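A quick write-up on the structure given underneath.
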Amino acid sequence: MEPQVVNRPERSRYEVLVGDDGETAGFAEYFLSEGEIAFIHTETDPRFAGRGLGGLLAQGALDDARARGLHVMPYCPFIQGWIRKHPEYADLVPETCRPRFGL
């Protein structure tokens with residue numbers, strides 16, 4: 001099975017799943033409020049390091065936020081850094097908040 005990003009709203013996080021058994025290789029925790037998703041922590045299991053799963057997780061979570069029409073608040077340094085490297089996602093962050101996150 002190809003890696004897959006899924007939203008687990010009951011756990012307030014996105015997870016990246018790998019393998020035929022869908023093992024959780026990493027997650028991005030968030031806080032959801034009306035019209036806004038704040039990413040607060042991202043973590044990848046060290047056993048899966050170097051496979052690009054963190055980037056896949058960030059992209060999947062941000063693509064879902066876009067599809068849902070949510071503003072993104074990237075408090076998590078990993079998500080912030082990923083958006084800096086992929087400026088086509090900066091528009092998800094409200095323009096007045098971008099300087100706060102170095103965007």
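We label chains A, B, ... in the order they appear in the structure tokens, count residues from 1 in each chain, and number ligands from 1 in the order shown.
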
Going by DSSP on the backbone, which bits of range 1-55 of chain A are strand (DSSP E or B)? Write them as a PDB file with all heavy atoms, in the first residue's frame, please.
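The new file selection.pdb reads:
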```pdb
ATOM      1  N   GLN A   4      -0.482   6.848   2.947  1.00  0.00           N
ATOM      2  CA  GLN A   4      -1.770   7.533   2.870  1.00  0.00           C
ATOM      3  C   GLN A   4      -1.916   8.474   4.058  1.00  0.00           C
ATOM      4  O   GLN A   4      -1.568   8.118   5.188  1.00  0.00           O
ATOM      5  CB  GLN A   4      -2.877   6.475   2.890  1.00  0.00           C
ATOM      6  CG  GLN A   4      -4.262   7.002   2.842  1.00  0.00           C
ATOM      7  CD  GLN A   4      -5.281   5.869   2.917  1.00  0.00           C
ATOM      8  OE1 GLN A   4      -4.951   4.706   3.110  1.00  0.00           O
ATOM      9  NE2 GLN A   4      -6.530   6.224   2.793  1.00  0.00           N
ATOM     10  N   VAL A   5      -2.431   9.681   3.806  1.00  0.00           N
ATOM     11  CA  VAL A   5      -2.691  10.652   4.871  1.00  0.00           C
ATOM     12  C   VAL A   5      -4.186  10.638   5.165  1.00  0.00           C
ATOM     13  O   VAL A   5      -5.005  10.744   4.251  1.00  0.00           O
ATOM     14  CB  VAL A   5      -2.231  12.064   4.466  1.00  0.00           C
ATOM     15  CG1 VAL A   5      -2.589  13.084   5.544  1.00  0.00           C
ATOM     16  CG2 VAL A   5      -0.727  12.081   4.207  1.00  0.00           C
ATOM     17  N   VAL A   6      -4.516  10.479   6.449  1.00  0.00           N
ATOM     18  CA  VAL A   6      -5.915  10.454   6.865  1.00  0.00           C
ATOM     19  C   VAL A   6      -6.132  11.427   8.018  1.00  0.00           C
ATOM     20  O   VAL A   6      -5.238  11.645   8.832  1.00  0.00           O
ATOM     21  CB  VAL A   6      -6.380   9.038   7.282  1.00  0.00           C
ATOM     22  CG1 VAL A   6      -6.320   8.072   6.104  1.00  0.00           C
ATOM     23  CG2 VAL A   6      -5.557   8.505   8.433  1.00  0.00           C
ATOM     24  N   ASN A   7      -7.312  11.993   8.060  1.00  0.00           N
ATOM     25  CA  ASN A   7      -7.696  12.873   9.162  1.00  0.00           C
ATOM     26  C   ASN A   7      -8.361  12.019  10.230  1.00  0.00           C
ATOM     27  O   ASN A   7      -9.257  11.224   9.931  1.00  0.00           O
ATOM     28  CB  ASN A   7      -8.653  13.959   8.662  1.00  0.00           C
ATOM     29  CG  ASN A   7      -8.992  14.980   9.730  1.00  0.00           C
ATOM     30  OD1 ASN A   7      -8.396  15.001  10.801  1.00  0.00           O
ATOM     31  ND2 ASN A   7      -9.955  15.825   9.438  1.00  0.00           N
ATOM     32  N   ARG A   8      -7.929  12.179  11.454  1.00  0.00           N
ATOM     33  CA  ARG A   8      -8.526  11.489  12.601  1.00  0.00           C
ATOM     34  C   ARG A   8      -9.109  12.557  13.532  1.00  0.00           C
ATOM     35  O   ARG A   8      -8.501  12.925  14.542  1.00  0.00           O
ATOM     36  CB  ARG A   8      -7.484  10.672  13.350  1.00  0.00           C
ATOM     37  CG  ARG A   8      -6.778   9.628  12.523  1.00  0.00           C
ATOM     38  CD  ARG A   8      -7.581   8.360  12.457  1.00  0.00           C
ATOM     39  NE  ARG A   8      -6.733   7.292  11.946  1.00  0.00           N
ATOM     40  CZ  ARG A   8      -7.143   6.423  11.042  1.00  0.00           C
ATOM     41  NH1 ARG A   8      -8.376   6.498  10.564  1.00  0.00           N
ATOM     42  NH2 ARG A   8      -6.339   5.473  10.612  1.00  0.00           N
ATOM     43  N   ARG A  13      -5.918  15.040  14.850  1.00  0.00           N
ATOM     44  CA  ARG A  13      -4.652  14.935  14.150  1.00  0.00           C
ATOM     45  C   ARG A  13      -4.829  14.256  12.794  1.00  0.00           C
ATOM     46  O   ARG A  13      -5.766  13.498  12.566  1.00  0.00           O
ATOM     47  CB  ARG A  13      -3.607  14.209  14.976  1.00  0.00           C
ATOM     48  CG  ARG A  13      -3.853  12.729  15.186  1.00  0.00           C
ATOM     49  CD  ARG A  13      -2.869  12.180  16.184  1.00  0.00           C
ATOM     50  NE  ARG A  13      -2.659  10.742  16.027  1.00  0.00           N
ATOM     51  CZ  ARG A  13      -1.788  10.043  16.714  1.00  0.00           C
ATOM     52  NH1 ARG A  13      -1.017  10.639  17.614  1.00  0.00           N
ATOM     53  NH2 ARG A  13      -1.639   8.752  16.511  1.00  0.00           N
ATOM     54  N   TYR A  14      -3.865  14.557  11.914  1.00  0.00           N
ATOM     55  CA  TYR A  14      -3.721  13.845  10.654  1.00  0.00           C
ATOM     56  C   TYR A  14      -2.647  12.800  10.889  1.00  0.00           C
ATOM     57  O   TYR A  14      -1.685  13.040  11.618  1.00  0.00           O
ATOM     58  CB  TYR A  14      -3.274  14.786   9.532  1.00  0.00           C
ATOM     59  CG  TYR A  14      -4.359  15.721   9.073  1.00  0.00           C
ATOM     60  CD1 TYR A  14      -4.545  16.954   9.683  1.00  0.00           C
ATOM     61  CD2 TYR A  14      -5.206  15.366   8.021  1.00  0.00           C
ATOM     62  CE1 TYR A  14      -5.551  17.816   9.260  1.00  0.00           C
ATOM     63  CE2 TYR A  14      -6.218  16.227   7.603  1.00  0.00           C
ATOM     64  CZ  TYR A  14      -6.382  17.437   8.215  1.00  0.00           C
ATOM     65  OH  TYR A  14      -7.381  18.280   7.805  1.00  0.00           O
ATOM     66  N   GLU A  15      -2.816  11.646  10.249  1.00  0.00           N
ATOM     67  CA  GLU A  15      -1.823  10.590  10.371  1.00  0.00           C
ATOM     68  C   GLU A  15      -1.377  10.163   8.984  1.00  0.00           C
ATOM     69  O   GLU A  15      -2.167  10.172   8.040  1.00  0.00           O
ATOM     70  CB  GLU A  15      -2.407   9.374  11.096  1.00  0.00           C
ATOM     71  CG  GLU A  15      -2.803   9.661  12.527  1.00  0.00           C
ATOM     72  CD  GLU A  15      -3.428   8.465  13.237  1.00  0.00           C
ATOM     73  OE1 GLU A  15      -3.644   7.412  12.592  1.00  0.00           O
ATOM     74  OE2 GLU A  15      -3.706   8.589  14.437  1.00  0.00           O
ATOM     75  N   VAL A  16      -0.099   9.779   8.877  1.00  0.00           N
ATOM     76  CA  VAL A  16       0.391   9.172   7.643  1.00  0.00           C
ATOM     77  C   VAL A  16       0.542   7.683   7.945  1.00  0.00           C
ATOM     78  O   VAL A  16       1.186   7.288   8.916  1.00  0.00           O
ATOM     79  CB  VAL A  16       1.703   9.827   7.123  1.00  0.00           C
ATOM     80  CG1 VAL A  16       2.844   9.699   8.104  1.00  0.00           C
ATOM     81  CG2 VAL A  16       2.070   9.273   5.756  1.00  0.00           C
ATOM     82  N   LEU A  17      -0.122   6.874   7.124  1.00  0.00           N
ATOM     83  CA  LEU A  17      -0.164   5.425   7.314  1.00  0.00           C
ATOM     84  C   LEU A  17       0.677   4.754   6.238  1.00  0.00           C
ATOM     85  O   LEU A  17       0.676   5.175   5.080  1.00  0.00           O
ATOM     86  CB  LEU A  17      -1.607   4.920   7.224  1.00  0.00           C
ATOM     87  CG  LEU A  17      -2.633   5.637   8.098  1.00  0.00           C
ATOM     88  CD1 LEU A  17      -4.023   5.063   7.865  1.00  0.00           C
ATOM     89  CD2 LEU A  17      -2.252   5.567   9.568  1.00  0.00           C
ATOM     90  N   VAL A  18       1.389   3.679   6.630  1.00  0.00           N
ATOM     91  CA  VAL A  18       2.246   2.954   5.695  1.00  0.00           C
ATOM     92  C   VAL A  18       2.012   1.453   5.825  1.00  0.00           C
ATOM     93  O   VAL A  18       1.519   0.970   6.848  1.00  0.00           O
ATOM     94  CB  VAL A  18       3.746   3.268   5.938  1.00  0.00           C
ATOM     95  CG1 VAL A  18       4.058   4.728   5.686  1.00  0.00           C
ATOM     96  CG2 VAL A  18       4.168   2.871   7.343  1.00  0.00           C
ATOM     97  N   GLU A  23       0.100   0.975   9.323  1.00  0.00           N
ATOM     98  CA  GLU A  23       0.785   1.429  10.537  1.00  0.00           C
ATOM     99  C   GLU A  23       0.962   2.952  10.512  1.00  0.00           C
ATOM    100  O   GLU A  23       1.290   3.528   9.479  1.00  0.00           O
ATOM    101  CB  GLU A  23       2.150   0.757  10.636  1.00  0.00           C
ATOM    102  CG  GLU A  23       2.911   1.129  11.884  1.00  0.00           C
ATOM    103  CD  GLU A  23       4.240   0.398  12.006  1.00  0.00           C
ATOM    104  OE1 GLU A  23       4.599  -0.386  11.112  1.00  0.00           O
ATOM    105  OE2 GLU A  23       4.918   0.646  13.025  1.00  0.00           O
ATOM    106  N   THR A  24       0.751   3.592  11.645  1.00  0.00           N
ATOM    107  CA  THR A  24       0.932   5.033  11.755  1.00  0.00           C
ATOM    108  C   THR A  24       2.425   5.347  11.825  1.00  0.00           C
ATOM    109  O   THR A  24       3.105   4.947  12.771  1.00  0.00           O
ATOM    110  CB  THR A  24       0.214   5.592  13.003  1.00  0.00           C
ATOM    111  OG1 THR A  24      -1.172   5.282  12.905  1.00  0.00           O
ATOM    112  CG2 THR A  24       0.388   7.099  13.121  1.00  0.00           C
ATOM    113  N   ALA A  25       2.909   6.063  10.815  1.00  0.00           N
ATOM    114  CA  ALA A  25       4.326   6.420  10.746  1.00  0.00           C
ATOM    115  C   ALA A  25       4.584   7.828  11.272  1.00  0.00           C
ATOM    116  O   ALA A  25       5.717   8.185  11.574  1.00  0.00           O
ATOM    117  CB  ALA A  25       4.830   6.308   9.313  1.00  0.00           C
ATOM    118  N   GLY A  26       3.530   8.635  11.372  1.00  0.00           N
ATOM    119  CA  GLY A  26       3.680   9.997  11.867  1.00  0.00           C
ATOM    120  C   GLY A  26       2.332  10.661  11.991  1.00  0.00           C
ATOM    121  O   GLY A  26       1.314  10.125  11.536  1.00  0.00           O
ATOM    122  N   PHE A  27       2.339  11.831  12.632  1.00  0.00           N
ATOM    123  CA  PHE A  27       1.089  12.554  12.818  1.00  0.00           C
ATOM    124  C   PHE A  27       1.338  14.046  12.930  1.00  0.00           C
ATOM    125  O   PHE A  27       2.438  14.477  13.266  1.00  0.00           O
ATOM    126  CB  PHE A  27       0.328  12.047  14.054  1.00  0.00           C
ATOM    127  CG  PHE A  27       1.092  12.177  15.340  1.00  0.00           C
ATOM    128  CD1 PHE A  27       1.037  13.351  16.082  1.00  0.00           C
ATOM    129  CD2 PHE A  27       1.876  11.141  15.807  1.00  0.00           C
ATOM    130  CE1 PHE A  27       1.749  13.480  17.264  1.00  0.00           C
ATOM    131  CE2 PHE A  27       2.594  11.252  16.986  1.00  0.00           C
ATOM    132  CZ  PHE A  27       2.523  12.433  17.725  1.00  0.00           C
ATOM    133  N   ALA A  28       0.305  14.812  12.633  1.00  0.00           N
ATOM    134  CA  ALA A  28       0.318  16.270  12.797  1.00  0.00           C
ATOM    135  C   ALA A  28      -0.903  16.632  13.636  1.00  0.00           C
ATOM    136  O   ALA A  28      -2.042  16.474  13.182  1.00  0.00           O
ATOM    137  CB  ALA A  28       0.266  16.969  11.443  1.00  0.00           C
ATOM    138  N   GLU A  29      -0.670  17.075  14.861  1.00  0.00           N
ATOM    139  CA  GLU A  29      -1.759  17.446  15.759  1.00  0.00           C
ATOM    140  C   GLU A  29      -2.260  18.845  15.427  1.00  0.00           C
ATOM    141  O   GLU A  29      -1.477  19.714  15.035  1.00  0.00           O
ATOM    142  CB  GLU A  29      -1.291  17.429  17.213  1.00  0.00           C
ATOM    143  CG  GLU A  29      -0.944  16.043  17.700  1.00  0.00           C
ATOM    144  CD  GLU A  29      -0.456  16.047  19.135  1.00  0.00           C
ATOM    145  OE1 GLU A  29       0.185  17.040  19.564  1.00  0.00           O
ATOM    146  OE2 GLU A  29      -0.696  15.052  19.829  1.00  0.00           O
ATOM    147  N   TYR A  30      -3.547  19.045  15.625  1.00  0.00           N
ATOM    148  CA  TYR A  30      -4.139  20.345  15.340  1.00  0.00           C
ATOM    149  C   TYR A  30      -5.227  20.694  16.341  1.00  0.00           C
ATOM    150  O   TYR A  30      -5.730  19.830  17.058  1.00  0.00           O
ATOM    151  CB  TYR A  30      -4.702  20.382  13.916  1.00  0.00           C
ATOM    152  CG  TYR A  30      -5.835  19.409  13.641  1.00  0.00           C
ATOM    153  CD1 TYR A  30      -7.147  19.685  14.038  1.00  0.00           C
ATOM    154  CD2 TYR A  30      -5.612  18.224  12.961  1.00  0.00           C
ATOM    155  CE1 TYR A  30      -8.187  18.807  13.775  1.00  0.00           C
ATOM    156  CE2 TYR A  30      -6.638  17.335  12.691  1.00  0.00           C
ATOM    157  CZ  TYR A  30      -7.929  17.635  13.092  1.00  0.00           C
ATOM    158  OH  TYR A  30      -8.962  16.754  12.830  1.00  0.00           O
ATOM    159  N   PHE A  31      -5.549  21.978  16.349  1.00  0.00           N
ATOM    160  CA  PHE A  31      -6.689  22.488  17.098  1.00  0.00           C
ATOM    161  C   PHE A  31      -7.596  23.142  16.066  1.00  0.00           C
ATOM    162  O   PHE A  31      -7.157  24.008  15.299  1.00  0.00           O
ATOM    163  CB  PHE A  31      -6.243  23.509  18.156  1.00  0.00           C
ATOM    164  CG  PHE A  31      -7.393  24.095  18.912  1.00  0.00           C
ATOM    165  CD1 PHE A  31      -8.027  23.381  19.912  1.00  0.00           C
ATOM    166  CD2 PHE A  31      -7.861  25.364  18.604  1.00  0.00           C
ATOM    167  CE1 PHE A  31      -9.100  23.921  20.596  1.00  0.00           C
ATOM    168  CE2 PHE A  31      -8.937  25.910  19.278  1.00  0.00           C
ATOM    169  CZ  PHE A  31      -9.556  25.186  20.283  1.00  0.00           C
ATOM    170  N   LEU A  32      -8.836  22.726  16.034  1.00  0.00           N
ATOM    171  CA  LEU A  32      -9.789  23.221  15.054  1.00  0.00           C
ATOM    172  C   LEU A  32     -10.769  24.170  15.722  1.00  0.00           C
ATOM    173  O   LEU A  32     -11.336  23.858  16.766  1.00  0.00           O
ATOM    174  CB  LEU A  32     -10.543  22.040  14.438  1.00  0.00           C
ATOM    175  CG  LEU A  32     -11.460  22.308  13.271  1.00  0.00           C
ATOM    176  CD1 LEU A  32     -10.699  22.845  12.067  1.00  0.00           C
ATOM    177  CD2 LEU A  32     -12.202  21.022  12.887  1.00  0.00           C
ATOM    178  N   SER A  33     -10.917  25.354  15.126  1.00  0.00           N
ATOM    179  CA  SER A  33     -11.951  26.290  15.565  1.00  0.00           C
ATOM    180  C   SER A  33     -12.668  26.760  14.306  1.00  0.00           C
ATOM    181  O   SER A  33     -12.284  26.403  13.199  1.00  0.00           O
ATOM    182  CB  SER A  33     -11.348  27.463  16.343  1.00  0.00           C
ATOM    183  OG  SER A  33     -10.444  28.175  15.545  1.00  0.00           O
ATOM    184  N   GLU A  36     -10.815  27.784  11.011  1.00  0.00           N
ATOM    185  CA  GLU A  36      -9.371  27.839  11.194  1.00  0.00           C
ATOM    186  C   GLU A  36      -8.849  26.523  11.756  1.00  0.00           C
ATOM    187  O   GLU A  36      -9.486  25.901  12.611  1.00  0.00           O
ATOM    188  CB  GLU A  36      -9.040  28.968  12.155  1.00  0.00           C
ATOM    189  CG  GLU A  36      -7.577  29.186  12.414  1.00  0.00           C
ATOM    190  CD  GLU A  36      -7.367  30.359  13.345  1.00  0.00           C
ATOM    191  OE1 GLU A  36      -7.480  31.511  12.872  1.00  0.00           O
ATOM    192  OE2 GLU A  36      -7.111  30.119  14.538  1.00  0.00           O
ATOM    193  N   ILE A  37      -7.675  26.123  11.268  1.00  0.00           N
ATOM    194  CA  ILE A  37      -6.991  24.958  11.817  1.00  0.00           C
ATOM    195  C   ILE A  37      -5.588  25.393  12.235  1.00  0.00           C
ATOM    196  O   ILE A  37      -4.861  25.993  11.443  1.00  0.00           O
ATOM    197  CB  ILE A  37      -6.962  23.789  10.811  1.00  0.00           C
ATOM    198  CG1 ILE A  37      -6.405  22.522  11.460  1.00  0.00           C
ATOM    199  CG2 ILE A  37      -6.240  24.156   9.527  1.00  0.00           C
ATOM    200  CD1 ILE A  37      -6.655  21.254  10.659  1.00  0.00           C
ATOM    201  N   ALA A  38      -5.261  25.153  13.488  1.00  0.00           N
ATOM    202  CA  ALA A  38      -3.952  25.517  14.029  1.00  0.00           C
ATOM    203  C   ALA A  38      -3.140  24.236  14.206  1.00  0.00           C
ATOM    204  O   ALA A  38      -3.523  23.353  14.981  1.00  0.00           O
ATOM    205  CB  ALA A  38      -4.108  26.231  15.361  1.00  0.00           C
ATOM    206  N   PHE A  39      -2.039  24.120  13.451  1.00  0.00           N
ATOM    207  CA  PHE A  39      -1.161  22.961  13.593  1.00  0.00           C
ATOM    208  C   PHE A  39      -0.194  23.244  14.730  1.00  0.00           C
ATOM    209  O   PHE A  39       0.482  24.268  14.747  1.00  0.00           O
ATOM    210  CB  PHE A  39      -0.416  22.692  12.285  1.00  0.00           C
ATOM    211  CG  PHE A  39      -1.315  22.124  11.235  1.00  0.00           C
ATOM    212  CD1 PHE A  39      -1.882  22.946  10.265  1.00  0.00           C
ATOM    213  CD2 PHE A  39      -1.643  20.784  11.237  1.00  0.00           C
ATOM    214  CE1 PHE A  39      -2.735  22.433   9.311  1.00  0.00           C
ATOM    215  CE2 PHE A  39      -2.503  20.257  10.284  1.00  0.00           C
ATOM    216  CZ  PHE A  39      -3.052  21.080   9.317  1.00  0.00           C
ATOM    217  N   ILE A  40      -0.156  22.322  15.706  1.00  0.00           N
ATOM    218  CA  ILE A  40       0.607  22.583  16.922  1.00  0.00           C
ATOM    219  C   ILE A  40       1.803  21.643  17.121  1.00  0.00           C
ATOM    220  O   ILE A  40       2.732  21.986  17.837  1.00  0.00           O
ATOM    221  CB  ILE A  40      -0.307  22.545  18.164  1.00  0.00           C
ATOM    222  CG1 ILE A  40      -1.100  21.245  18.220  1.00  0.00           C
ATOM    223  CG2 ILE A  40      -1.247  23.745  18.148  1.00  0.00           C
ATOM    224  CD1 ILE A  40      -1.954  21.081  19.466  1.00  0.00           C
ATOM    225  N   HIS A  41       1.781  20.475  16.489  1.00  0.00           N
ATOM    226  CA  HIS A  41       2.897  19.532  16.681  1.00  0.00           C
ATOM    227  C   HIS A  41       2.868  18.492  15.578  1.00  0.00           C
ATOM    228  O   HIS A  41       1.807  17.961  15.250  1.00  0.00           O
ATOM    229  CB  HIS A  41       2.779  18.847  18.045  1.00  0.00           C
ATOM    230  CG  HIS A  41       3.854  17.842  18.314  1.00  0.00           C
ATOM    231  ND1 HIS A  41       5.150  18.201  18.565  1.00  0.00           N
ATOM    232  CD2 HIS A  41       3.824  16.488  18.339  1.00  0.00           C
ATOM    233  CE1 HIS A  41       5.868  17.106  18.762  1.00  0.00           C
ATOM    234  NE2 HIS A  41       5.089  16.047  18.621  1.00  0.00           N
ATOM    235  N   THR A  42       4.045  18.197  15.022  1.00  0.00           N
ATOM    236  CA  THR A  42       4.177  17.148  14.010  1.00  0.00           C
ATOM    237  C   THR A  42       5.318  16.236  14.428  1.00  0.00           C
ATOM    238  O   THR A  42       6.353  16.701  14.903  1.00  0.00           O
ATOM    239  CB  THR A  42       4.462  17.761  12.621  1.00  0.00           C
ATOM    240  OG1 THR A  42       3.410  18.656  12.289  1.00  0.00           O
ATOM    241  CG2 THR A  42       4.559  16.681  11.550  1.00  0.00           C
ATOM    242  N   GLU A  43       5.101  14.954  14.242  1.00  0.00           N
ATOM    243  CA  GLU A  43       6.093  13.974  14.662  1.00  0.00           C
ATOM    244  C   GLU A  43       6.083  12.794  13.691  1.00  0.00           C
ATOM    245  O   GLU A  43       5.025  12.346  13.268  1.00  0.00           O
ATOM    246  CB  GLU A  43       5.707  13.491  16.061  1.00  0.00           C
ATOM    247  CG  GLU A  43       6.725  12.704  16.786  1.00  0.00           C
ATOM    248  CD  GLU A  43       6.305  12.455  18.230  1.00  0.00           C
ATOM    249  OE1 GLU A  43       5.957  13.416  18.933  1.00  0.00           O
ATOM    250  OE2 GLU A  43       6.313  11.279  18.623  1.00  0.00           O
ATOM    251  N   THR A  44       7.279  12.303  13.367  1.00  0.00           N
ATOM    252  CA  THR A  44       7.414  11.103  12.540  1.00  0.00           C
ATOM    253  C   THR A  44       8.222  10.085  13.328  1.00  0.00           C
ATOM    254  O   THR A  44       9.243  10.421  13.930  1.00  0.00           O
ATOM    255  CB  THR A  44       8.132  11.426  11.211  1.00  0.00           C
ATOM    256  OG1 THR A  44       7.424  12.453  10.545  1.00  0.00           O
ATOM    257  CG2 THR A  44       8.191  10.212  10.302  1.00  0.00           C
TER     258      THR A  44
END
```

Measuring atom to atom with only C-alpha atoms, identify which of A:Gly19, A:Glu34, A:Pro46, A:Gln59 is nearest to Lys85 in chain A. A:Gln59

Write out as a list in words which residues come within 12 Å of Arg100 in chain A when counting only C-alpha atoms, dropping same-chain ones fewer than 4 positions away.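 Here the qualifying residues turn out to be Met73, Pro74, Tyr75, Gln80, Val93, Pro94, Glu95 and Thr96 of chain A.
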
Neighbour list for Gly81 in chain A as a PyMOL selection string, cut-off 12 Å, only C-alpha atoms, skip fewer than 4 positions in-chain: chain A and resi 42+54-55+58-59+74-77+85-87+89-90+101-103

As a list in words, list the residues of range 9-101 of chain A assigned to alpha helix (DSSP H) by DSSP on the backbone atoms of this structure.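 Taking range 9-101 of chain A and keeping alpha helix (DSSP H) only, one gets Leu53, Gly54, Gly55, Leu56, Leu57, Ala58, Gln59, Gly60, Ala61, Leu62, Asp63, Asp64, Ala65, Arg66, Ala67, Pro77, Phe78, Ile79, Gln80, Gly81, Trp82, Ile83, Arg84 and Lys85 of chain A.
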
Do you have the CA of Trp82 in chain A-CA of Leu56 in chain A distance handy?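 Going from CA of Trp82 in chain A over to CA of Leu56 in chain A, I get 10.2 Å.
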
In Å, with one decimal, what is the gap from CA of Glu88 in chain A to CA of Gly50 in chain A?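 CA of Glu88 in chain A sits 23.5 Å away from CA of Gly50 in chain A.
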
One number please: CA of Ala49 in chain A to CA of Ile79 in chain A, in Å, one decimal.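 Distance between the two atoms: 16.5 Å.
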
Can you pull out every residue within 12 Å of Asp21 in chain A, counting only C-alpha atoms, but drop anything in the same chain fewer than 5 positions away, and send it as number ranges by chain? A: 1-4
